[in-house]
>>> print(open('data39.txt').read())   # compact mmCIF, C-alpha atoms and all ligand atoms
# COMPACT_ATOMS: atom_id res chain seq x y z
CA MET A 695 134.35 205.57 48.52
CA LEU A 696 131.69 202.98 49.10
CA TYR A 697 130.44 201.83 52.45
CA GLN A 698 127.94 199.20 51.31
CA ARG A 699 129.34 196.37 53.34
CA SER A 700 129.88 198.53 56.43
CA SER A 701 126.24 199.65 56.19
CA GLN A 702 125.06 196.05 55.99
CA LEU A 703 127.26 194.99 58.86
CA PHE A 704 125.93 197.87 60.96
CA VAL A 705 122.33 196.78 60.36
CA GLU A 706 123.19 193.22 61.38
CA ALA A 707 125.15 194.39 64.41
CA ALA A 708 122.30 196.59 65.63
CA LYS A 709 120.06 193.51 65.86
CA VAL A 710 122.22 191.90 68.51
CA ILE A 711 124.34 194.68 70.01
CA PRO A 712 122.74 197.86 71.45
CA GLY A 713 123.17 200.53 68.79
CA GLY A 714 125.39 198.12 66.88
CA VAL A 715 128.49 199.04 68.87
CA ASN A 716 130.29 198.11 72.07
CA SER A 717 131.24 201.72 72.86
CA PRO A 718 128.88 204.59 71.96
CA VAL A 719 131.19 207.03 70.11
CA ARG A 720 131.77 204.37 67.44
CA ALA A 721 128.17 204.70 66.26
CA PHE A 722 128.85 208.05 64.47
CA LYS A 723 125.86 209.67 66.20
CA ALA A 724 127.66 213.01 66.49
CA VAL A 725 128.49 213.18 62.78
CA GLY A 726 125.71 211.15 61.19
CA GLY A 727 126.14 208.41 58.62
CA THR A 728 127.13 204.80 59.04
CA PRO A 729 130.10 203.68 61.10
CA ILE A 730 132.92 202.12 59.16
CA PHE A 731 133.75 198.54 60.01
CA ALA A 732 137.46 197.90 60.31
CA LYS A 733 138.83 194.78 58.70
CA GLU A 734 142.54 195.13 59.31
CA ALA A 735 145.24 197.70 59.83
CA LYS A 736 148.97 198.10 59.37
CA GLY A 737 151.17 201.01 60.34
CA ALA A 738 149.30 204.27 59.78
CA TYR A 739 146.59 202.70 57.62
CA LEU A 740 143.20 201.20 58.29
CA TYR A 741 141.49 198.95 55.76
CA ASP A 742 137.72 198.73 56.04
CA GLU A 743 135.27 195.98 55.07
CA ASP A 744 134.56 197.69 51.72
CA GLY A 745 138.23 197.67 50.79
CA ASN A 746 138.88 201.38 51.39
CA ARG A 747 142.22 202.50 52.78
CA LEU A 748 142.14 205.22 55.41
CA ILE A 749 144.97 207.12 57.05
CA ASP A 750 144.24 206.70 60.73
CA TYR A 751 144.34 209.70 63.09
CA ILE A 752 142.53 207.94 65.95
CA ASN A 753 144.76 204.93 66.37
CA SER A 754 142.35 203.02 68.55
CA TRP A 755 141.92 206.25 70.58
CA GLY A 756 145.59 206.35 71.44
CA PRO A 757 147.20 202.95 72.00
CA MET A 758 148.76 202.64 68.53
CA LEU A 759 151.53 205.14 69.20
CA LEU A 760 153.87 203.14 66.98
CA GLY A 761 151.31 202.12 64.37
CA HIS A 762 148.94 199.22 63.85
CA ALA A 763 150.12 195.62 63.95
CA PHE A 764 153.48 196.77 65.28
CA GLU A 765 155.66 193.71 64.83
CA PRO A 766 157.36 193.41 68.24
CA VAL A 767 153.94 193.60 69.90
CA VAL A 768 152.31 191.14 67.51
CA ASN A 769 155.14 188.65 67.88
CA ALA A 770 155.14 188.93 71.66
CA VAL A 771 151.42 188.15 71.76
CA ILE A 772 151.69 185.20 69.36
CA GLU A 773 154.55 183.64 71.30
CA LYS A 774 152.75 184.06 74.63
CA ALA A 775 149.45 182.73 73.31
CA LYS A 776 151.08 179.40 72.46
CA LYS A 777 152.00 178.96 76.11
CA GLY A 778 148.62 179.56 77.68
CA THR A 779 146.43 182.63 77.71
CA SER A 780 145.51 182.98 81.39
CA PHE A 781 146.53 181.34 84.65
CA GLY A 782 145.04 183.31 87.52
CA MET A 783 148.46 182.96 89.12
CA PRO A 784 151.35 185.42 89.31
CA THR A 785 153.83 185.40 86.43
CA ALA A 786 157.38 186.74 86.11
CA LEU A 787 156.19 188.79 83.15
CA GLU A 788 154.05 190.98 85.42
CA THR A 789 157.09 191.91 87.51
CA GLU A 790 159.05 192.66 84.37
CA ILE A 791 156.54 195.14 82.95
CA ALA A 792 155.89 196.65 86.40
CA ALA A 793 159.61 197.26 86.96
CA LEU A 794 159.97 198.83 83.52
CA ALA A 795 156.95 201.12 84.01
CA VAL A 796 158.19 202.18 87.45
CA SER A 797 161.61 202.97 85.97
CA MET A 798 160.11 205.12 83.19
CA VAL A 799 157.57 207.13 85.20
CA PRO A 800 158.61 209.62 87.91
CA ASN A 801 157.28 209.52 91.49
CA ILE A 802 155.92 205.98 91.49
CA ASP A 803 157.23 202.98 93.45
CA LYS A 804 154.58 200.40 92.70
CA ILE A 805 151.99 199.77 90.01
CA ARG A 806 148.88 197.57 89.87
CA PHE A 807 147.59 196.34 86.51
CA VAL A 808 143.89 196.20 85.64
CA ASN A 809 141.97 195.70 82.39
CA SER A 810 140.91 199.19 81.30
CA GLY A 811 141.34 202.89 81.94
CA THR A 812 137.93 202.91 83.58
CA GLU A 813 139.06 200.33 86.10
CA ALA A 814 142.29 202.22 86.73
CA CYS A 815 140.50 205.50 87.56
CA MET A 816 137.76 203.79 89.55
CA SER A 817 140.36 201.96 91.64
CA ALA A 818 142.49 205.07 92.04
CA ILE A 819 139.71 207.06 93.68
CA ARG A 820 138.77 204.14 95.94
CA LEU A 821 142.40 204.02 97.03
CA ALA A 822 142.52 207.80 97.51
CA ARG A 823 139.34 207.70 99.60
CA GLY A 824 140.57 204.79 101.70
CA PHE A 825 143.97 206.37 102.21
CA SER A 826 142.70 209.85 103.09
CA LYS A 827 139.59 208.61 104.93
CA ARG A 828 137.56 211.22 103.08
CA ASP A 829 134.69 210.77 100.60
CA LYS A 830 134.60 213.63 98.13
CA ILE A 831 136.51 214.01 94.91
CA VAL A 832 136.94 216.97 92.58
CA LYS A 833 136.69 216.38 88.86
CA PHE A 834 136.64 218.83 85.98
CA SER A 835 133.79 219.35 83.53
CA GLY A 836 134.69 217.82 80.20
CA CYS A 837 137.32 215.48 81.63
CA TYR A 838 136.62 211.80 81.05
CA HIS A 839 137.82 209.18 83.49
CA GLY A 840 135.95 206.16 82.16
CA HIS A 841 132.36 205.16 82.74
CA SER A 842 132.28 204.28 86.44
CA ASP A 843 129.51 205.92 88.47
CA SER A 844 131.55 208.60 90.27
CA PHE A 845 132.74 210.12 87.02
CA LEU A 846 129.51 210.32 85.04
CA ILE A 847 128.65 213.65 86.57
CA GLN A 848 128.01 216.76 84.52
CA ALA A 849 128.36 220.40 85.51
CA GLY A 850 125.15 222.02 86.66
CA SER A 851 124.71 225.77 86.35
CA GLY A 852 126.49 226.56 89.59
CA ALA A 853 129.93 225.00 89.68
CA ILE A 854 130.02 224.97 93.47
CA THR A 855 126.88 222.88 93.77
CA PHE A 856 126.91 219.13 94.01
CA GLY A 857 127.01 217.41 90.68
CA SER A 858 123.94 215.73 89.29
CA PRO A 859 124.24 212.38 87.53
CA ASN A 860 124.51 212.56 83.78
CA SER A 861 123.34 209.03 83.18
CA PRO A 862 120.31 207.24 84.58
CA GLY A 863 121.54 204.51 86.88
CA VAL A 864 124.03 206.72 88.69
CA THR A 865 122.50 207.35 92.10
CA ALA A 866 122.19 210.77 93.70
CA GLY A 867 124.13 209.32 96.63
CA THR A 868 127.13 208.67 94.42
CA ALA A 869 126.80 211.97 92.58
CA LYS A 870 126.89 214.03 95.74
CA ASP A 871 130.49 213.01 96.45
CA THR A 872 131.73 214.26 93.07
CA LEU A 873 132.41 218.00 93.01
CA LEU A 874 132.75 219.69 89.66
CA ALA A 875 135.19 222.37 88.71
CA ARG A 876 136.01 224.26 85.52
CA TYR A 877 139.19 223.18 83.76
CA ASN A 878 141.94 225.79 83.99
CA ASP A 879 140.07 227.68 86.73
CA LEU A 880 142.14 227.47 89.89
CA GLY A 881 139.90 229.92 91.77
CA ASN A 882 136.99 227.57 91.23
CA VAL A 883 138.91 224.66 92.80
CA LYS A 884 139.95 226.88 95.72
CA GLU A 885 136.27 227.64 96.38
CA LEU A 886 135.46 223.93 96.45
CA PHE A 887 138.16 223.31 99.05
CA GLU A 888 136.86 226.19 101.18
CA ALA A 889 133.29 224.95 100.99
CA ASN A 890 134.27 221.33 101.77
CA LYS A 891 136.93 221.65 104.48
CA ASN A 892 138.66 218.33 105.27
CA GLU A 893 136.21 216.40 103.10
CA ILE A 894 138.02 216.23 99.77
CA ALA A 895 140.00 213.03 99.26
CA ALA A 896 141.45 213.88 95.87
CA ILE A 897 141.44 215.93 92.72
CA ILE A 898 141.40 213.82 89.57
CA ILE A 899 142.43 215.48 86.33
CA GLU A 900 143.59 214.80 82.80
CA PRO A 901 146.85 216.83 82.96
CA VAL A 902 146.29 217.57 79.28
CA ALA A 903 142.57 217.21 78.65
CA GLY A 904 141.94 214.97 75.66
CA ASN A 905 138.24 214.26 75.84
CA MET A 906 136.89 217.71 74.90
CA GLY A 907 139.36 218.18 72.09
CA CYS A 908 142.92 218.67 73.25
CA ILE A 909 143.11 221.27 76.00
CA PRO A 910 146.49 222.10 77.54
CA PRO A 911 146.71 223.13 81.18
CA ALA A 912 147.13 226.90 81.55
CA ASN A 913 150.42 228.15 82.99
CA GLY A 914 150.47 227.54 86.71
CA PHE A 915 147.24 225.54 86.75
CA LEU A 916 148.72 222.12 87.58
CA GLU A 917 151.18 223.73 90.03
CA GLY A 918 148.24 225.44 91.70
CA LEU A 919 146.35 222.16 92.03
CA ARG A 920 149.43 220.54 93.55
CA GLN A 921 149.64 223.33 96.09
CA LEU A 922 145.93 223.20 96.95
CA CYS A 923 146.19 219.45 97.51
CA ASP A 924 149.21 219.90 99.78
CA GLU A 925 147.54 222.65 101.80
CA ASN A 926 144.36 220.64 102.25
CA GLY A 927 145.67 217.11 102.74
CA ALA A 928 144.13 215.87 99.48
CA LEU A 929 145.74 213.64 96.86
CA LEU A 930 146.40 214.74 93.30
CA ILE A 931 145.46 212.05 90.79
CA PHE A 932 146.74 212.41 87.24
CA ASP A 933 144.61 210.44 84.84
CA GLU A 934 147.31 209.73 82.28
CA VAL A 935 145.30 207.14 80.38
CA MET A 936 145.83 209.29 77.26
CA THR A 937 149.01 211.16 78.11
CA GLY A 938 150.96 208.34 79.74
CA PHE A 939 153.82 207.06 77.54
CA ARG A 940 152.55 209.44 74.82
CA LEU A 941 153.71 212.91 75.81
CA ALA A 942 156.98 211.63 77.26
CA LYS A 943 158.33 208.40 78.71
CA GLY A 944 157.15 209.65 82.07
CA GLY A 945 153.97 211.22 80.70
CA ALA A 946 152.63 214.60 81.79
CA GLN A 947 154.39 214.43 85.16
CA GLU A 948 157.70 214.46 83.30
CA LEU A 949 156.60 216.97 80.65
CA PHE A 950 155.38 219.56 83.15
CA GLY A 951 157.59 218.65 86.10
CA ILE A 952 154.60 218.18 88.42
CA LYS A 953 154.40 215.40 90.95
CA ALA A 954 151.12 213.50 91.18
CA ASP A 955 150.21 211.26 94.11
CA ILE A 956 148.43 208.61 92.05
CA VAL A 957 148.78 208.11 88.29
CA CYS A 958 146.33 206.19 86.09
CA PHE A 959 147.29 204.51 82.85
CA GLY A 960 145.54 202.81 79.94
CA LYS A 961 145.70 202.90 76.15
CA VAL A 962 149.44 202.96 75.21
CA ILE A 963 150.46 200.85 78.22
CA GLY A 964 148.60 197.86 76.75
CA GLY A 965 149.97 198.17 73.23
CA GLY A 966 146.42 197.65 71.92
CA LEU A 967 145.30 194.97 74.34
CA PRO A 968 142.87 195.72 77.18
CA VAL A 969 145.13 197.06 79.93
CA GLY A 970 144.93 199.76 82.54
CA ALA A 971 147.08 200.44 85.58
CA PHE A 972 147.41 202.76 88.54
CA ALA A 973 150.55 203.62 90.40
CA ALA A 974 151.80 205.65 93.36
CA ARG A 975 154.51 205.79 95.99
CA ASN A 976 154.83 202.87 98.46
CA GLU A 977 152.94 204.54 101.28
CA ILE A 978 149.81 204.80 99.12
CA MET A 979 150.09 201.57 97.12
CA ASP A 980 150.62 199.52 100.28
CA TYR A 981 147.14 200.58 101.30
CA LEU A 982 145.84 198.13 98.68
CA ALA A 983 144.84 194.52 99.37
CA PRO A 984 146.44 192.12 100.11
CA VAL A 985 148.83 194.37 102.07
CA GLY A 986 146.34 197.05 103.07
CA PRO A 987 142.60 197.38 103.61
CA VAL A 988 141.43 198.83 100.26
CA TYR A 989 140.08 195.99 98.13
CA GLN A 990 140.76 195.71 94.42
CA ALA A 991 141.03 192.57 92.28
CA GLY A 992 140.68 191.08 88.78
CA THR A 993 140.50 187.53 87.39
CA LEU A 994 142.22 188.58 84.17
CA SER A 995 144.36 191.39 85.61
CA GLY A 996 147.97 190.99 84.54
CA ASN A 997 146.84 188.66 81.74
CA PRO A 998 149.91 187.24 79.98
CA LEU A 999 148.88 188.29 76.46
CA ALA A 1000 148.10 191.81 77.63
CA MET A 1001 151.32 192.05 79.63
CA ALA A 1002 153.39 190.72 76.71
CA ALA A 1003 151.89 193.36 74.41
CA GLY A 1004 152.38 196.11 76.97
CA LEU A 1005 155.94 195.08 77.73
CA ALA A 1006 156.92 195.02 74.05
CA MET A 1007 155.37 198.45 73.64
CA LEU A 1008 157.08 200.01 76.65
CA GLN A 1009 160.42 198.45 75.74
CA GLU A 1010 160.24 200.04 72.31
CA ILE A 1011 159.28 203.43 73.75
CA ASN A 1012 162.01 203.20 76.37
CA SER A 1013 164.73 202.31 73.90
CA ASP A 1014 163.92 204.82 71.16
CA ALA A 1015 165.62 208.03 72.28
CA GLU A 1016 164.23 210.08 69.38
CA LEU A 1017 160.63 208.87 69.46
CA PHE A 1018 159.06 211.83 71.25
CA GLN A 1019 161.05 214.34 69.23
CA ARG A 1020 159.85 212.69 66.00
CA LEU A 1021 156.25 212.69 67.20
CA GLU A 1022 156.55 216.35 68.18
CA GLU A 1023 157.95 217.29 64.77
CA LYS A 1024 155.40 215.29 62.78
CA THR A 1025 152.48 216.70 64.74
CA ALA A 1026 153.85 220.25 64.56
CA TYR A 1027 154.16 219.79 60.78
CA LEU A 1028 150.54 218.69 60.57
CA GLU A 1029 149.48 221.60 62.78
CA LYS A 1030 151.32 224.15 60.67
CA GLY A 1031 150.06 222.74 57.36
CA THR A 1032 146.50 222.49 58.60
CA ALA A 1033 146.52 226.02 60.00
CA LYS A 1034 147.83 227.33 56.69
CA VAL A 1035 145.23 225.69 54.44
CA LEU A 1036 142.35 226.55 56.79
CA ALA A 1037 143.47 230.18 56.92
CA ASP A 1038 143.95 230.26 53.12
CA ASN A 1039 140.33 229.17 52.78
CA ASN A 1040 139.06 231.76 55.29
CA ILE A 1041 137.87 229.15 57.77
CA VAL A 1042 137.44 230.28 61.37
CA PHE A 1043 139.41 227.86 63.55
CA THR A 1044 141.56 227.23 66.60
CA ILE A 1045 144.10 224.41 66.77
CA ASN A 1046 145.24 223.08 70.14
CA ARG A 1047 148.22 220.79 70.44
CA VAL A 1048 150.47 219.22 73.03
CA GLY A 1049 153.05 216.80 71.61
CA SER A 1050 151.25 214.19 69.50
CA MET A 1051 147.78 215.20 70.71
CA ILE A 1052 146.05 217.75 68.50
CA SER A 1053 142.53 219.05 67.88
CA VAL A 1054 140.91 221.37 65.36
CA HIS A 1055 138.04 223.54 66.61
CA PHE A 1056 135.80 225.58 64.32
CA ASP A 1057 135.77 228.64 66.52
CA ALA A 1058 138.09 231.65 66.55
CA ASN A 1059 138.29 231.98 70.34
CA PRO A 1060 140.75 230.15 72.58
CA VAL A 1061 139.50 226.71 73.60
CA CYS A 1062 140.51 226.25 77.23
CA ASP A 1063 137.66 224.43 78.99
CA PHE A 1064 134.43 222.53 78.37
CA GLN A 1065 132.38 225.65 77.75
CA THR A 1066 134.73 227.07 75.13
CA ALA A 1067 135.10 223.63 73.53
CA ALA A 1068 131.31 223.43 73.23
CA ASN A 1069 131.23 226.75 71.33
CA GLY A 1070 132.74 225.17 68.21
CA ASP A 1071 130.62 225.00 65.06
CA ASN A 1072 129.41 221.40 64.98
CA GLU A 1073 127.80 221.63 61.53
CA THR A 1074 131.15 222.64 60.03
CA PHE A 1075 132.83 219.81 61.92
CA LYS A 1076 130.41 217.26 60.46
CA LYS A 1077 131.15 218.43 56.92
CA PHE A 1078 134.85 218.41 57.70
CA PHE A 1079 134.67 214.87 59.08
CA HIS A 1080 132.74 213.43 56.12
CA GLY A 1081 134.84 215.36 53.63
CA LEU A 1082 138.04 213.93 55.07
CA LEU A 1083 136.55 210.46 55.15
CA ARG A 1084 135.80 210.72 51.45
CA GLU A 1085 139.45 211.69 50.91
CA GLY A 1086 140.63 208.64 52.84
CA ILE A 1087 141.39 210.30 56.17
CA TYR A 1088 139.90 208.94 59.38
CA ILE A 1089 139.58 211.41 62.27
CA ALA A 1090 137.46 210.93 65.38
CA PRO A 1091 133.71 211.03 64.66
CA SER A 1092 133.09 213.81 67.19
CA ALA A 1093 134.14 217.44 67.52
CA TYR A 1094 135.16 216.80 71.12
CA GLU A 1095 137.95 214.37 70.43
CA THR A 1096 141.68 214.61 70.07
CA TRP A 1097 143.61 213.26 67.10
CA PHE A 1098 146.33 210.83 68.18
CA ILE A 1099 149.35 210.96 65.94
CA THR A 1100 151.26 207.75 65.33
CA ASP A 1101 154.94 207.48 64.60
CA ALA A 1102 154.03 205.24 61.65
CA LEU A 1103 152.89 208.34 59.70
CA THR A 1104 155.32 209.49 57.03
CA TYR A 1105 155.70 213.06 55.79
CA ASP A 1106 154.05 211.87 52.56
CA ASP A 1107 151.03 210.81 54.62
CA LEU A 1108 151.02 214.19 56.35
CA ASP A 1109 151.24 216.07 53.02
CA PHE A 1110 148.45 213.91 51.62
CA THR A 1111 146.38 214.79 54.69
CA ILE A 1112 147.07 218.52 54.47
CA ASN A 1113 146.09 218.46 50.77
CA ALA A 1114 142.89 216.65 51.66
CA ILE A 1115 142.14 219.25 54.34
CA ASN A 1116 142.69 221.97 51.75
CA LYS A 1117 140.26 220.27 49.37
CA VAL A 1118 137.63 219.82 52.07
CA ALA A 1119 138.11 223.37 53.40
CA LYS A 1120 137.04 224.73 50.01
CA GLU A 1121 133.66 223.06 50.51
CA LEU A 1122 133.03 224.27 54.06
C1 LIG A 1201 140.07 206.44 77.49
C2 LIG A 1201 140.15 207.11 78.80
C3 LIG A 1201 139.69 206.51 79.98
C4 LIG A 1201 138.94 205.22 79.99
O1 LIG A 1201 139.68 204.14 79.55
P1 LIG A 1201 138.92 202.84 79.01
O2 LIG A 1201 140.03 201.90 78.72
O3 LIG A 1201 138.14 203.27 77.83
O4 LIG A 1201 138.05 202.36 80.12
C5 LIG A 1201 139.94 207.16 81.17
N1 LIG A 1201 140.58 208.33 81.21
C6 LIG A 1201 141.02 208.94 80.10
C7 LIG A 1201 141.75 210.23 80.21
C8 LIG A 1201 140.80 208.36 78.86
O5 LIG A 1201 141.20 209.00 77.76
>>> encode(input="data39.txt", output="structure tokens")
Amino acid sequence: MLYQRSSQLFVEAAKVIPGGVNSPVRAFKAVGGTPIFAKEAKGAYLYDEDGNRLIDYINSWGPMLLGHAFEPVVNAVIEKAKKGTSFGMPTALETEIAALAVSMVPNIDKIRFVNSGTEACMSAIRLARGFSKRDKIVKFSGCYHGHSDSFLIQAGSGAITFGSPNSPGVTAGTAKDTLLARYNDLGNVKELFEANKNEIAAIIIEPVAGNMGCIPPANGFLEGLRQLCDENGALLIFDEVMTGFRLAKGGAQELFGIKADIVCFGKVIGGGLPVGAFAARNEIMDYLAPVGPVYQAGTLSGNPLAMAAGLAMLQEINSDAELFQRLEEKTAYLEKGTAKVLADNNIVFTINRVGSMISVHFDANPVCDFQTAANGDNETFKKFFHGLLREGIYIAPSAYETWFITDALTYDDLDFTINAINKVAKEL
């Protein structure tokens, strides 16, 4: 495959856009080489600017659950666009998608739409702090909740110490209110509650972590968090930006039967347009302006194009009774085939999977938190990534990312992929 045009485009982009990209992971820094410039996409396939076809396992980092350029979504956007693209006034469409989302997701009465997952999580913790009248939040190392200040905090050596900012520009004042815990370590969270009595507003968690590879919650972990929150008067926030409408209609809450107090959405809920949302029961949501005192707003929030895309997406998910079973079977097939060819080639690996989220780690030990995810062999991953790219398979350009399986994949695509993995494994 040739990437001449992508290389040129990257050079031009870097002159006017920092690092040539509008979101850092796209720059391929973790794997080296030149990022590929997308030209168009349909179903499970991406077509780049050099004319290569790639089978897509990123799917815009999740939104394309039903494949690229999914017709009901595309048509909904086209029809809406002809009638005006933004009003800054309420529309009936917003109520329609809100009612549908509330009917699909357990434990929520009301939902507020925003423009990104970052905004959803940022607003959710402001709401949790306002509602509980407490300042501190607990987050887990390796979980990503967007790029707002409170979340850009990395684990120091001692997990019970205050976090230190992991980006310049995040003030120490902000960092001190974010407490870090180890994923899947309930004892660690218990210690934080003991050391910060009546100060913790909320725990925020990816109920299946998807930003350090795919890491499932250990048995009893989410239940334990629920219980700790109840005992300590804190709110449990599920960041379902990845898992929402992907693991089940009702997301991780439905899959695991755990009730969250606030749920954040993004990715799938916008059908590929910039949408986020957060939702909770009435008591909490009515704490938001204009009803309550916690301020939150957005000029383009509830944008008609975005809502039309999201509504078409949710309608399809809601009406397809076999969708999640199909996704489960396709991803399990990929998991099984991948495990077989890696083992046949004597590669050391661990595969994690929940539903249509899957990750391959080049380490023999269980991957259950940020530390164990970081133990993977990054040099092998780089070779794996570039090898697959050469074979026409596009996975995330970082060892810490999940693959997002789309329903548009056929079993032929999956077999093609497993064969490619076999070929590449021989070179590792
Ligand atoms: C992608 C993601 C976000 C951030 O969403 P953006 O739309 O990129 O701002 C937040 N939380 C999780 C779990 C995510 O995967």
>>> atom_distance(input="data39.txt", atom1="atom O3 of ligand LIG 1201 (chain A)", atom2="atom CA of Leu929 of chain A")
23.0 Å
>>> atom_distance(input="data39.txt", atom1="atom CA of Arg975 of chain A", atom2="atom CA of Gly938 of chain A")
16.8 Å
>>> atom_distance(input="data39.txt", atom1="atom CA of Ile899 of chain A", atom2="atom CA of Cys837 of chain A")
6.9 Å
>>> residues_near_ligand(input="data39.txt", ligand="ligand LIG 1201 (chain A)", cutoff="9 Å", atoms="only C-alpha atoms and all ligand atoms", output="ChimeraX atom specification")
/A:717,755-756,809-815,837-842,899-905,932-937,958-961,968-970
>>> residues_around(input="data39.txt", residues="segment 712-715 of chain A", least_positions_apart="2", cutoff="12 Å", atoms="all atoms listed in the file", output="mmCIF file with C-alpha atoms, keeping the file's coordinate frame")
data_model
loop_
_atom_site.group_PDB
_atom_site.id
_atom_site.type_symbol
_atom_site.label_atom_id
_atom_site.label_comp_id
_atom_site.auth_asym_id
_atom_site.auth_seq_id
_atom_site.Cartn_x
_atom_site.Cartn_y
_atom_site.Cartn_z
ATOM 1 C CA SER A 700 129.880 198.530 56.430
ATOM 2 C CA SER A 701 126.240 199.650 56.190
ATOM 3 C CA GLN A 702 125.060 196.050 55.990
ATOM 4 C CA LEU A 703 127.260 194.990 58.860
ATOM 5 C CA PHE A 704 125.930 197.870 60.960
ATOM 6 C CA VAL A 705 122.330 196.780 60.360
ATOM 7 C CA GLU A 706 123.190 193.220 61.380
ATOM 8 C CA ALA A 707 125.150 194.390 64.410
ATOM 9 C CA ALA A 708 122.300 196.590 65.630
ATOM 10 C CA LYS A 709 120.060 193.510 65.860
ATOM 11 C CA VAL A 710 122.220 191.900 68.510
ATOM 12 C CA SER A 717 131.240 201.720 72.860
ATOM 13 C CA PRO A 718 128.880 204.590 71.960
ATOM 14 C CA VAL A 719 131.190 207.030 70.110
ATOM 15 C CA ARG A 720 131.770 204.370 67.440
ATOM 16 C CA ALA A 721 128.170 204.700 66.260
ATOM 17 C CA PHE A 722 128.850 208.050 64.470
ATOM 18 C CA LYS A 723 125.860 209.670 66.200
ATOM 19 C CA THR A 728 127.130 204.800 59.040
ATOM 20 C CA PRO A 729 130.100 203.680 61.100
ATOM 21 C CA ILE A 730 132.920 202.120 59.160
ATOM 22 C CA PHE A 731 133.750 198.540 60.010
#
>>> closest_atom_pairs(input="data39.txt", of="segment 938-1044 of chain A", to="segment 1100-1103 of chain A", cutoff="9 Å", atoms="only C-alpha atoms", output="JSON lines")
{"residue": "A:Leu1017", "atom": "CA", "partner": "A:Asp1101", "partner_atom": "CA", "distance": 7.6}
{"residue": "A:Phe1018", "atom": "CA", "partner": "A:Asp1101", "partner_atom": "CA", "distance": 9.0}
{"residue": "A:Arg1020", "atom": "CA", "partner": "A:Asp1101", "partner_atom": "CA", "distance": 7.3}
{"residue": "A:Leu1021", "atom": "CA", "partner": "A:Asp1101", "partner_atom": "CA", "distance": 6.0}
{"residue": "A:Lys1024", "atom": "CA", "partner": "A:Leu1103", "partner_atom": "CA", "distance": 8.0}
>>> closest_residue(input="data39.txt", among="A:Gly1081, A:Pro800, A:Gly907, A:Pro1091", to="Thr1066 of chain A", atoms="only C-alpha atoms")
A:Gly907
>>> residues_around(input="data39.txt", residues="Arg820 of chain A", least_positions_apart="2", cutoff="12 Å", atoms="all atoms listed in the file", output="VMD selection string")
chain A and resid 813 to 818 822 to 831 842 844 895 to 896 898 929 931 956 972 978 to 979 981 to 983 987 to 990
>>> closest_residue(input="data39.txt", among="A:Met1007, A:Ala869, A:Ile752, A:Leu696", to="Trp1097 of chain A", atoms="only C-alpha atoms")
A:Ile752
>>> residues_around(input="data39.txt", residues="Ile1115 of chain A", least_positions_apart="5", cutoff="8 Å", atoms="only C-alpha atoms", output="number ranges by chain")
A: 1032, 1035-1036, 1082
>>> closest_residue(input="data39.txt", among="A:Ile711, A:Ala1033, A:Leu873, A:Val799", to="Ala946 of chain A", atoms="only C-alpha atoms")
A:Val799
>>> residues_around(input="data39.txt", residues="Glu1121 of chain A", least_positions_apart="6", cutoff="12 Å", atoms="only C-alpha atoms", output="PyMOL selection string")
chain A and resi 1036+1039-1041+1074-1082+1114-1115
>>> write_last_selection(input="data39.txt", atoms="C-alpha atoms", output="PDB file, in the coordinates of the input")
ATOM      1  CA  LEU A1036     142.350 226.550  56.790  1.00  0.00           C
ATOM      2  CA  ASN A1039     140.330 229.170  52.780  1.00  0.00           C
ATOM      3  CA  ASN A1040     139.060 231.760  55.290  1.00  0.00           C
ATOM      4  CA  ILE A1041     137.870 229.150  57.770  1.00  0.00           C
ATOM      5  CA  THR A1074     131.150 222.640  60.030  1.00  0.00           C
ATOM      6  CA  PHE A1075     132.830 219.810  61.920  1.00  0.00           C
ATOM      7  CA  LYS A1076     130.410 217.260  60.460  1.00  0.00           C
ATOM      8  CA  LYS A1077     131.150 218.430  56.920  1.00  0.00           C
ATOM      9  CA  PHE A1078     134.850 218.410  57.700  1.00  0.00           C
ATOM     10  CA  PHE A1079     134.670 214.870  59.080  1.00  0.00           C
ATOM     11  CA  HIS A1080     132.740 213.430  56.120  1.00  0.00           C
ATOM     12  CA  GLY A1081     134.840 215.360  53.630  1.00  0.00           C
ATOM     13  CA  LEU A1082     138.040 213.930  55.070  1.00  0.00           C
ATOM     14  CA  ALA A1114     142.890 216.650  51.660  1.00  0.00           C
ATOM     15  CA  ILE A1115     142.140 219.250  54.340  1.00  0.00           C
TER      16      ILE A1115
END
